[in-house]
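So this block is work.csv, CSV, C-alpha atoms:
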chain,number,residue,atom,x,y,z
A,1,MET,CA,47.8,-2.8,-70.9
A,2,ARG,CA,51.3,-2.5,-72.2
A,3,PRO,CA,54.2,-1.9,-69.8
A,4,GLY,CA,55.9,1.5,-69.9
A,5,CYS,CA,59.2,1.8,-71.6
A,6,ALA,CA,61.7,4.6,-71.4
A,7,LEU,CA,63.6,3.7,-74.6
A,8,TRP,CA,63.0,5.3,-78.0
A,9,ARG,CA,64.0,4.2,-81.4
A,10,PHE,CA,64.6,6.9,-84.0
A,11,LEU,CA,63.3,6.7,-87.5
A,12,PRO,CA,63.7,9.5,-90.1
A,13,VAL,CA,60.8,10.7,-92.2
A,14,SER,CA,63.2,10.8,-95.1
A,15,VAL,CA,66.9,10.3,-95.6
A,16,SER,CA,67.3,14.1,-96.0
A,17,ALA,CA,65.4,14.9,-92.8
A,18,ALA,CA,67.4,17.3,-90.6
A,19,VAL,CA,65.7,16.2,-87.4
A,20,LEU,CA,64.6,12.7,-86.5
A,21,PRO,CA,61.1,12.4,-85.0
A,22,LEU,CA,60.6,10.2,-82.0
A,23,VAL,CA,58.8,6.9,-82.3
A,24,PRO,CA,57.7,4.8,-79.3
A,25,PRO,CA,59.2,1.3,-79.2
A,26,GLY,CA,57.2,-1.8,-80.2
A,27,LEU,CA,55.4,0.0,-83.1
A,28,ASN,CA,55.7,-0.9,-86.7
A,29,PRO,CA,55.8,1.3,-89.8
A,30,GLY,CA,52.3,2.6,-90.5
A,31,ASP,CA,51.1,2.2,-86.9
A,32,GLN,CA,49.4,5.3,-85.5
A,33,TYR,CA,49.8,6.7,-82.0
A,34,ARG,CA,49.6,9.9,-79.9
A,35,LEU,CA,51.9,11.8,-77.7
A,36,ILE,CA,51.0,13.6,-74.5
A,37,PHE,CA,53.0,16.1,-72.5
A,38,VAL,CA,52.8,18.8,-69.8
A,39,THR,CA,53.9,22.3,-70.8
A,40,SER,CA,57.0,23.7,-69.3
A,41,SER,CA,55.4,27.2,-69.3
A,42,THR,CA,52.3,28.3,-67.4
A,43,ARG,CA,49.3,30.5,-68.0
A,44,ASP,CA,46.0,31.4,-66.3
A,45,ALA,CA,42.7,29.7,-66.9
A,46,ALA,CA,40.5,32.8,-67.2
A,47,SER,CA,39.5,32.2,-70.8
A,48,THR,CA,36.3,30.4,-71.7
A,49,ASP,CA,37.5,29.6,-75.2
A,50,ILE,CA,39.2,26.2,-75.6
A,51,LYS,CA,41.1,27.4,-78.6
A,52,ASP,CA,43.2,29.7,-76.4
A,53,TYR,CA,44.5,26.6,-74.5
A,54,ASP,CA,45.0,24.7,-77.7
A,55,ASN,CA,47.1,27.6,-79.1
A,56,PHE,CA,49.1,27.6,-75.8
A,57,VAL,CA,50.0,23.9,-75.9
A,58,THR,CA,50.7,24.1,-79.7
A,59,ALA,CA,53.1,27.0,-79.2
A,60,ALA,CA,54.9,25.0,-76.5
A,61,ALA,CA,55.1,21.8,-78.6
A,62,ASN,CA,56.4,23.7,-81.7
A,63,GLY,CA,58.7,26.1,-79.8
A,64,VAL,CA,62.5,26.4,-80.2
A,65,GLY,CA,64.3,23.5,-78.6
A,66,SER,CA,61.2,21.4,-78.2
A,67,PHE,CA,61.6,17.7,-78.9
A,68,LEU,CA,58.1,17.7,-80.3
A,69,GLN,CA,59.0,20.4,-82.9
A,70,PRO,CA,59.7,17.9,-85.7
A,71,PHE,CA,56.1,16.7,-85.7
A,72,GLY,CA,54.7,20.2,-86.3
A,73,GLY,CA,51.0,20.6,-86.6
A,74,LEU,CA,48.3,21.5,-84.1
A,75,TRP,CA,48.1,20.1,-80.5
A,76,SER,CA,45.0,20.0,-78.3
A,77,ALA,CA,44.8,20.9,-74.6
A,78,VAL,CA,43.6,18.2,-72.3
A,79,ALA,CA,41.2,20.6,-70.7
A,80,SER,CA,37.5,21.5,-70.3
A,81,THR,CA,35.5,24.7,-70.5
A,82,ALA,CA,31.9,25.0,-69.6
A,83,THR,CA,30.9,24.1,-73.1
A,84,VAL,CA,33.6,21.7,-74.2
A,85,SER,CA,34.6,18.6,-72.2
A,86,ALA,CA,38.2,17.2,-72.4
A,87,VAL,CA,37.0,13.7,-73.3
A,88,SER,CA,35.1,15.0,-76.4
A,89,HIS,CA,37.7,17.6,-77.3
A,90,ILE,CA,40.6,15.1,-77.6
A,91,GLY,CA,38.5,12.1,-78.5
A,92,GLY,CA,36.4,11.5,-81.6
A,93,PRO,CA,38.0,9.4,-84.4
A,94,LEU,CA,41.3,9.4,-82.5
A,95,SER,CA,39.8,7.8,-79.4
A,96,GLN,CA,41.2,4.3,-80.0
A,97,LEU,CA,44.9,5.3,-80.6
A,98,PRO,CA,47.5,4.4,-77.9
A,99,ILE,CA,49.0,7.3,-76.0
A,100,TYR,CA,52.6,7.7,-75.1
A,101,ARG,CA,54.7,10.1,-73.1
A,102,ILE,CA,57.5,12.1,-74.8
A,103,ASP,CA,60.2,9.7,-73.4
A,104,GLY,CA,58.5,6.7,-74.9
A,105,SER,CA,56.7,5.5,-71.8
A,106,PHE,CA,53.3,4.0,-72.5
A,107,VAL,CA,50.5,6.0,-70.8
A,108,ALA,CA,47.2,4.6,-71.9
A,109,ASP,CA,45.6,2.2,-74.4
A,110,ASN,CA,43.2,4.9,-75.7
A,111,ILE,CA,41.1,7.9,-74.5
A,112,ALA,CA,38.7,5.7,-72.4
A,113,ASP,CA,41.8,4.2,-70.7
A,114,LEU,CA,43.2,7.7,-70.1
A,115,PHE,CA,40.1,8.6,-68.0
A,116,ASP,CA,39.5,5.3,-66.2
A,117,GLY,CA,41.3,6.4,-63.0
A,118,GLN,CA,44.7,4.7,-63.6
A,119,LEU,CA,47.6,5.7,-65.9
A,120,GLU,CA,50.5,3.5,-66.6
A,121,VAL,CA,52.9,6.3,-65.8
A,122,PRO,CA,52.4,9.9,-64.8
A,123,ILE,CA,52.2,12.6,-67.5
A,124,SER,CA,55.2,14.3,-66.0
A,125,ARG,CA,57.4,15.1,-69.0
A,126,ASP,CA,57.4,18.5,-70.8
A,127,GLN,CA,58.3,19.3,-74.4
A,128,PHE,CA,62.0,19.4,-73.4
A,129,GLY,CA,62.0,16.1,-71.6
A,130,GLY,CA,62.0,17.8,-68.2
A,131,SER,CA,59.7,17.3,-65.2
A,132,PRO,CA,58.1,20.7,-64.3
A,133,GLU,CA,56.8,21.2,-60.8
A,134,GLY,CA,53.4,22.6,-60.0
A,135,PRO,CA,49.7,22.0,-60.7
A,136,VAL,CA,48.1,21.6,-64.2
A,137,TRP,CA,45.0,23.4,-65.3
A,138,THR,CA,42.3,20.9,-66.5
A,139,GLY,CA,38.8,22.1,-65.4
A,140,THR,CA,38.0,18.4,-65.9
A,141,GLU,CA,36.5,15.6,-63.7
A,142,ALA,CA,38.1,12.2,-63.5
A,143,ASP,CA,35.9,10.8,-66.3
A,144,GLY,CA,36.9,13.5,-68.7
A,145,SER,CA,33.7,15.6,-68.4
A,146,SER,CA,33.6,19.4,-67.7
A,147,SER,CA,33.6,20.2,-64.0
A,148,VAL,CA,30.3,22.1,-63.4
A,149,GLY,CA,31.2,25.5,-62.0
A,150,GLN,CA,34.9,24.6,-61.9
A,151,SER,CA,35.9,24.4,-65.6
A,152,LEU,CA,38.4,26.7,-67.2
A,153,GLY,CA,36.9,30.1,-67.5
A,154,ASP,CA,35.0,29.9,-64.2
A,155,ALA,CA,36.2,31.8,-61.1
A,156,LEU,CA,37.5,28.5,-59.7
A,157,GLY,CA,38.8,25.6,-61.7
A,158,LEU,CA,39.9,22.0,-61.2
A,159,ILE,CA,43.7,21.3,-61.3
A,160,GLY,CA,45.5,18.1,-61.8
A,161,SER,CA,48.9,16.7,-60.6
A,162,SER,CA,51.4,15.7,-63.3
A,163,ASN,CA,53.1,13.3,-60.8
A,164,SER,CA,50.0,11.2,-60.2
A,165,THR,CA,48.8,8.1,-61.9
A,166,ASP,CA,45.4,7.8,-60.3
A,167,PHE,CA,42.4,10.2,-60.9
A,168,GLN,CA,44.4,13.0,-59.4
A,169,TRP,CA,46.4,13.5,-62.6
A,170,VAL,CA,43.4,15.4,-63.9
A,171,ALA,CA,41.3,16.3,-60.7
A,172,SER,CA,43.3,16.8,-57.6
A,173,ASP,CA,42.2,20.2,-56.2
A,174,ILE,CA,40.7,23.6,-57.1
A,175,ALA,CA,42.3,27.0,-57.5
A,176,PHE,CA,41.5,30.5,-58.7
A,177,THR,CA,41.7,30.6,-62.4
A,178,GLY,CA,43.7,33.8,-62.4
A,179,VAL,CA,46.8,31.9,-61.2
A,180,PRO,CA,49.2,30.6,-63.8
A,181,PHE,CA,49.7,26.8,-64.0
A,182,HIS,CA,50.8,24.3,-66.6
A,183,LEU,CA,48.6,22.5,-69.1
A,184,TYR,CA,48.5,19.1,-70.7
A,185,GLY,CA,48.8,18.8,-74.5
A,186,ILE,CA,48.1,15.9,-76.7
A,187,SER,CA,48.9,15.3,-80.4
A,188,GLY,CA,46.7,14.3,-83.2
A,189,ALA,CA,47.3,11.0,-85.0
A,190,LEU,CA,51.0,10.4,-85.6
A,191,SER,CA,52.2,7.6,-87.9
A,192,VAL,CA,55.4,5.5,-87.7
A,193,PRO,CA,57.4,6.3,-90.8
A,194,SER,CA,58.7,3.7,-93.1
A,195,ALA,CA,62.0,2.1,-92.1
A,196,VAL,CA,65.2,3.2,-93.9
A,197,PRO,CA,68.6,1.5,-94.0
A,198,GLU,CA,70.7,1.7,-90.8
A,199,PRO,CA,73.6,4.1,-90.9
A,200,SER,CA,76.1,1.2,-91.1
A,201,THR,CA,74.2,-0.3,-94.1
A,202,ILE,CA,74.2,3.0,-95.9
A,203,SER,CA,78.0,3.3,-95.2
A,204,LEU,CA,78.7,-0.1,-96.6
A,205,THR,CA,76.6,0.6,-99.7
A,206,VAL,CA,78.5,3.9,-100.4
A,207,ALA,CA,81.8,2.1,-99.8
A,208,ALA,CA,81.0,-0.7,-102.2
A,209,GLY,CA,79.9,1.8,-104.9
A,210,LEU,CA,83.1,3.8,-104.5
A,211,LEU,CA,85.2,0.7,-104.7
A,212,ALA,CA,83.4,-0.4,-107.9
A,213,PHE,CA,84.0,3.1,-109.4
A,214,LEU,CA,87.7,3.0,-108.7
A,215,LYS,CA,88.1,-0.5,-110.2
A,216,ARG,CA,86.4,0.7,-113.4
A,217,ARG,CA,88.6,3.8,-113.6
A,218,SER,CA,91.7,1.7,-113.0
A,219,PHE,CA,90.7,-0.8,-115.8
A,220,ARG,CA,90.2,2.1,-118.3
A,221,GLN,CA,93.6,3.6,-117.5

In structure tokens, how does this file's structure come out?
Amino acid sequence: MRPGCALWRFLPVSVSAAVLPLVPPGLNPGDQYRLIFVTSSTRDAASTDIKDYDNFVTAAANGVGSFLQPFGGLWSAVASTATVSAVSHIGGPLSQLPIYRIDGSFVADNIADLFDGQLEVPISRDQFGGSPEGPVWTGTEADGSSSVGQSLGDALGLIGSSNSTDFQWVASDIAFTGVPFHLYGISGALSVPSAVPEPSTISLTVAAGLLAFLKRRSFRQ
């Protein structure tokens, strides 16, 4: 497993990009990865439709002021209903990609590692970089499966703790699903963009071009 790291490097999608997306350290252009976060806002867990929870975490990730907004796109809730398990909902072809927290800290090697009972760091950062207090709705057992009779949409549901690194991050207690709590959200596949010249390099190039232009102008005069 890779050690957690709280440092980010910033790479623009293009020179004209207004906002620079965040890229975990140690990755190279073209590498793929995923980001996971806990929502700053809360909602109940009464719905039996997993799409309602996906829409909730997507709205949080793409909201005003969110550090995740530059990525856009759809995000998935790390949650289970009676008919959809978290491990299948957020797995599939993306199962082997490494998972990072919003501050760049390494969380897990892949989906299997996410549900093996031990995270590298707790999933305790929201879309603004803060650390919200309170339980997180999951409806999910430690192995990523739906909790029978305690998934989202049931009268009672499993909750997790965003401050935990053991199995309790996803299954720490149960609560009435009518109570509002946070949710975990995870991205699809994100790719490290191609590197561009550092600002200092760009400045030197512009200065050199300007100097050459002035010399040509002086010679003509």

Give me the residues near Ser41 in chain A as a ChimeraX atom specification, where near means some atom within 9 Å (using only C-alpha atoms) and where sequence neighbours in that chain fewer than 3 positions away do not count. /A:38,60,132,180-183

Nearby residues (all atoms listed in the file) at most 12 Å from Pro93 in chain A, same-chain spacing under 6 positions excluded, as a list in words: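 Once the nearby chain positions are removed, what remains is Val87, Asn110, Ile111, Gly188 and Ala189 of chain A.
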
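Of note, CA of Thr83 in chain A and CA of Thr138 in chain A are spaced 13.6 Å apart.
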
Surrounding residues of Tyr184 in chain A excluding itself and chain neighbours under 5 positions, 10 Å, all atoms listed in the file, as a list in words: Ile36, Phe37, Val38, Thr39, Ser40, Tyr53, Asp54, Phe56, Val57, Trp75, Ser76, Ala77, Val78, Ala79, Ile123, Ser124, Arg125, Asp126, Val136, Trp137, Thr138, Gly160, Ser162 and Val170 of chain A

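Remark: for Ile102 in chain A, the closest of the candidate residues A:Pro24, A:Pro70, A:Gly157, A:Gly30 is A:Pro24 (distances computed over only C-alpha atoms).
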
Atom pair CA of Ala45 in chain A / CA of Phe106 in chain A: separation (Å):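 Rounded to one decimal, the two atoms are 28.4 Å apart.
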
Of the candidates A:Ser131, A:Arg34, A:Asn28, A:Ser151, which one gets nearest to Leu97 in chain A if we count all atoms listed in the file?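 Checking each candidate against Leu97 in chain A, we get A:Arg34 as the closest.
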
Only C-alpha atoms needed: put range 59-76 of chain A from the block into a file as a PDB file, in the first residue's frame.
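Writing the result to out03.pdb gives the following:
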ATOM      1  CA  ALA A  59     -24.848  17.962  -6.553  1.00  0.00           C
ATOM      2  CA  ALA A  60     -22.463  18.322  -3.618  1.00  0.00           C
ATOM      3  CA  ALA A  61     -19.364  17.677  -5.752  1.00  0.00           C
ATOM      4  CA  ASN A  62     -20.434  20.107  -8.478  1.00  0.00           C
ATOM      5  CA  GLY A  63     -21.827  22.804  -6.200  1.00  0.00           C
ATOM      6  CA  VAL A  64     -20.598  26.381  -5.881  1.00  0.00           C
ATOM      7  CA  GLY A  65     -17.306  26.594  -4.020  1.00  0.00           C
ATOM      8  CA  SER A  66     -16.581  22.865  -4.219  1.00  0.00           C
ATOM      9  CA  PHE A  67     -12.963  21.938  -4.943  1.00  0.00           C
ATOM     10  CA  LEU A  68     -14.351  19.048  -7.000  1.00  0.00           C
ATOM     11  CA  GLN A  69     -16.338  21.296  -9.331  1.00  0.00           C
ATOM     12  CA  PRO A  70     -13.585  21.466 -12.022  1.00  0.00           C
ATOM     13  CA  PHE A  71     -13.978  17.734 -12.641  1.00  0.00           C
ATOM     14  CA  GLY A  72     -17.707  17.981 -13.392  1.00  0.00           C
ATOM     15  CA  GLY A  73     -19.461  14.790 -14.367  1.00  0.00           C
ATOM     16  CA  LEU A  74     -21.460  12.321 -12.309  1.00  0.00           C
ATOM     17  CA  TRP A  75     -20.450  10.956  -8.914  1.00  0.00           C
ATOM     18  CA  SER A  76     -21.631   7.756  -7.224  1.00  0.00           C
TER      19      SER A  76
END
